[in-house]
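> Sending over a structure as structure tokens; questions will come in a sec.
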Amino acid sequence: MAQVLIVVVVAVVAAGIAVVLRRRDVDAPEQGPSWAVPVQLDRADFDRPDAPWLVTVFSSATCLSCQGTWAKAQLLASDAVAVQEVEAIERKDLHDRYQVDAVPMVLVADATGAVARSFVGEPTATDLWAALAELRDPGTVPPRLHRPLTLPAR
């Protein structure tokens, strides 16, 4: 009889501990997606490494918003601005090298390859134009169009 009583007491204590621990185990809040944005590009990896500015559109053939992003970015091409699309299948090597895991991703890099502005997702044509204009000639873009550079934490 004493053994049965001990088993019952141990079971009740174990059940009580389980209830307390379950109540303390709060589900962690869901985290939104997080994408790393490269901060430095090797200009030799891209067309026209001698151009003062590079606008790179990392894309995928299956991404509809990538098509719109590429169409907008192409309009920025000039003697001073090289514009290049880096499609995920055709240039998997560059997607892997720069750890690009979200498309479309637009990077605006200077002559040294430092990424001065970035967009994850399809930017507006105005945002693309304003970012490049402000980088090329600071102070030329009205403040309402200029948005400061913010990079996600790694």
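Here, A, B, ... name the chains of the structure tokens in the order displayed, residue numbers run from 1 inside each chain, and ligands are numbered from 1 in the same displayed order.
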Find the residues near Trp53 (chain A): any atom within 12 Å, counting only C-alpha atoms, skip ones fewer than 4 places away on the same chain, and give them as a PyMOL selection string.
chain A and resi 41+43+46-49+76-84+107-117+131-133+135-136
> Can you tell me, as an MDAnalysis selection string, what residues are no more than 7 Å from Glu85 (chain A) when counting only C-alpha atoms, ignoring any on the same chain fewer than 6 positions away?
chainID A and resid 56:59 70
> Determine which residues of region 6-149 of chain A receive a DSSP assignment of helix (DSSP H, G or I), computed from the backbone, and state them as a ChimeraX atom specification.
/A:6-24,43-45,64-74,92-97,125-136
> Check the smallest atom-to-atom distance from each of A:Thr126, A:Ser65, A:Thr140, A:Ser118 to Pro104 (chain A) using only C-alpha atoms, then report the winner.
A:Ser65
> What residues in region 8-140 of chain A get the DSSP label strand (DSSP E or B)? Please answer as a list in words.
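Output for region 8-140 of chain A, strand (DSSP E or B) only: Gln40, Trp53, Leu54, Val55, Thr56, Val57, Phe58, Ser59, Val81, Ala82, Val83, Gln84, Glu85, Val86, Glu87, Met105, Val106, Leu107, Val108, Ala109, Ala114, Val115, Ala116, Arg117, Ser118, Phe119 and Val120 of chain A.
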> Which polymer residues have any atom within 10 Å of an atom of Ala61 (chain A), counting only C-alpha atoms, with same-chain residues fewer than 3 positions away left out, as an MDAnalysis selection string?
chainID A and resid 64 66:67 87:90
> Restricted to all heavy atoms, what would the selected residues look like written as a PDB file, in the first residue's frame?

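Result file follows (part_4.pdb):
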```pdb
ATOM      1  N   LEU A  64       7.600  37.792 -61.182  1.00  0.00           N
ATOM      2  CA  LEU A  64       6.925  38.832 -61.958  1.00  0.00           C
ATOM      3  C   LEU A  64       7.379  40.237 -61.581  1.00  0.00           C
ATOM      4  O   LEU A  64       7.555  41.093 -62.448  1.00  0.00           O
ATOM      5  CB  LEU A  64       5.413  38.708 -61.810  1.00  0.00           C
ATOM      6  CG  LEU A  64       4.792  37.461 -62.437  1.00  0.00           C
ATOM      7  CD1 LEU A  64       3.295  37.421 -62.176  1.00  0.00           C
ATOM      8  CD2 LEU A  64       5.084  37.396 -63.925  1.00  0.00           C
ATOM      9  N   CYS A  66      10.214  41.064 -60.606  1.00  0.00           N
ATOM     10  CA  CYS A  66      11.576  41.251 -61.111  1.00  0.00           C
ATOM     11  C   CYS A  66      11.544  41.875 -62.503  1.00  0.00           C
ATOM     12  O   CYS A  66      12.396  42.701 -62.841  1.00  0.00           O
ATOM     13  CB  CYS A  66      12.329  39.922 -61.162  1.00  0.00           C
ATOM     14  SG  CYS A  66      12.653  39.209 -59.543  1.00  0.00           S
ATOM     15  N   GLN A  67      10.572  41.485 -63.313  1.00  0.00           N
ATOM     16  CA  GLN A  67      10.464  42.025 -64.672  1.00  0.00           C
ATOM     17  C   GLN A  67      10.215  43.531 -64.637  1.00  0.00           C
ATOM     18  O   GLN A  67      10.835  44.293 -65.380  1.00  0.00           O
ATOM     19  CB  GLN A  67       9.355  41.310 -65.430  1.00  0.00           C
ATOM     20  CG  GLN A  67       9.645  39.846 -65.659  1.00  0.00           C
ATOM     21  CD  GLN A  67       8.432  39.076 -66.168  1.00  0.00           C
ATOM     22  OE1 GLN A  67       7.424  39.651 -66.556  1.00  0.00           O
ATOM     23  NE2 GLN A  67       8.524  37.755 -66.162  1.00  0.00           N
ATOM     24  N   GLU A  87      20.363  37.250 -63.211  1.00  0.00           N
ATOM     25  CA  GLU A  87      19.274  36.286 -63.075  1.00  0.00           C
ATOM     26  C   GLU A  87      19.756  35.060 -62.295  1.00  0.00           C
ATOM     27  O   GLU A  87      20.881  34.598 -62.466  1.00  0.00           O
ATOM     28  CB  GLU A  87      18.765  35.895 -64.467  1.00  0.00           C
ATOM     29  CG  GLU A  87      17.380  35.290 -64.469  1.00  0.00           C
ATOM     30  CD  GLU A  87      17.374  33.809 -64.140  1.00  0.00           C
ATOM     31  OE1 GLU A  87      18.337  33.113 -64.507  1.00  0.00           O
ATOM     32  OE2 GLU A  87      16.411  33.355 -63.497  1.00  0.00           O
ATOM     33  N   ALA A  88      18.898  34.530 -61.448  1.00  0.00           N
ATOM     34  CA  ALA A  88      19.268  33.485 -60.484  1.00  0.00           C
ATOM     35  C   ALA A  88      19.790  32.204 -61.121  1.00  0.00           C
ATOM     36  O   ALA A  88      20.707  31.586 -60.587  1.00  0.00           O
ATOM     37  CB  ALA A  88      18.087  33.167 -59.573  1.00  0.00           C
ATOM     38  N   ILE A  89      19.216  31.777 -62.226  1.00  0.00           N
ATOM     39  CA  ILE A  89      19.670  30.531 -62.853  1.00  0.00           C
ATOM     40  C   ILE A  89      20.913  30.778 -63.698  1.00  0.00           C
ATOM     41  O   ILE A  89      21.901  30.051 -63.601  1.00  0.00           O
ATOM     42  CB  ILE A  89      18.542  29.905 -63.720  1.00  0.00           C
ATOM     43  CG1 ILE A  89      17.312  29.597 -62.858  1.00  0.00           C
ATOM     44  CG2 ILE A  89      19.039  28.663 -64.443  1.00  0.00           C
ATOM     45  CD1 ILE A  89      17.547  28.582 -61.767  1.00  0.00           C
ATOM     46  N   GLU A  90      20.862  31.820 -64.521  1.00  0.00           N
ATOM     47  CA  GLU A  90      21.990  32.119 -65.404  1.00  0.00           C
ATOM     48  C   GLU A  90      23.250  32.484 -64.637  1.00  0.00           C
ATOM     49  O   GLU A  90      24.351  32.149 -65.060  1.00  0.00           O
ATOM     50  CB  GLU A  90      21.632  33.264 -66.351  1.00  0.00           C
ATOM     51  CG  GLU A  90      20.583  32.919 -67.374  1.00  0.00           C
ATOM     52  CD  GLU A  90      20.182  34.126 -68.206  1.00  0.00           C
ATOM     53  OE1 GLU A  90      20.781  35.213 -68.052  1.00  0.00           O
ATOM     54  OE2 GLU A  90      19.260  33.989 -69.017  1.00  0.00           O
TER      55      GLU A  90
END
```
> In Å, with one decimal, what is the gap from CA of Thr62 (chain A) to CA of Leu94 (chain A)?
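Between CA of Thr62 (chain A) and CA of Leu94 (chain A) the gap is 17.6 Å.
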> To one decimal in Å, tell me the separation between CA of Tyr98 (chain A) and CA of Asp137 (chain A).
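These atoms are spaced 27.6 Å apart.
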> Figure out the distance between CA of Asp50 (chain A) and CA of Gly121 (chain A), please, to one decimal in Å.
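We find that CA of Gly121 (chain A) and CA of Asp50 (chain A) lie 27.4 Å from each other.
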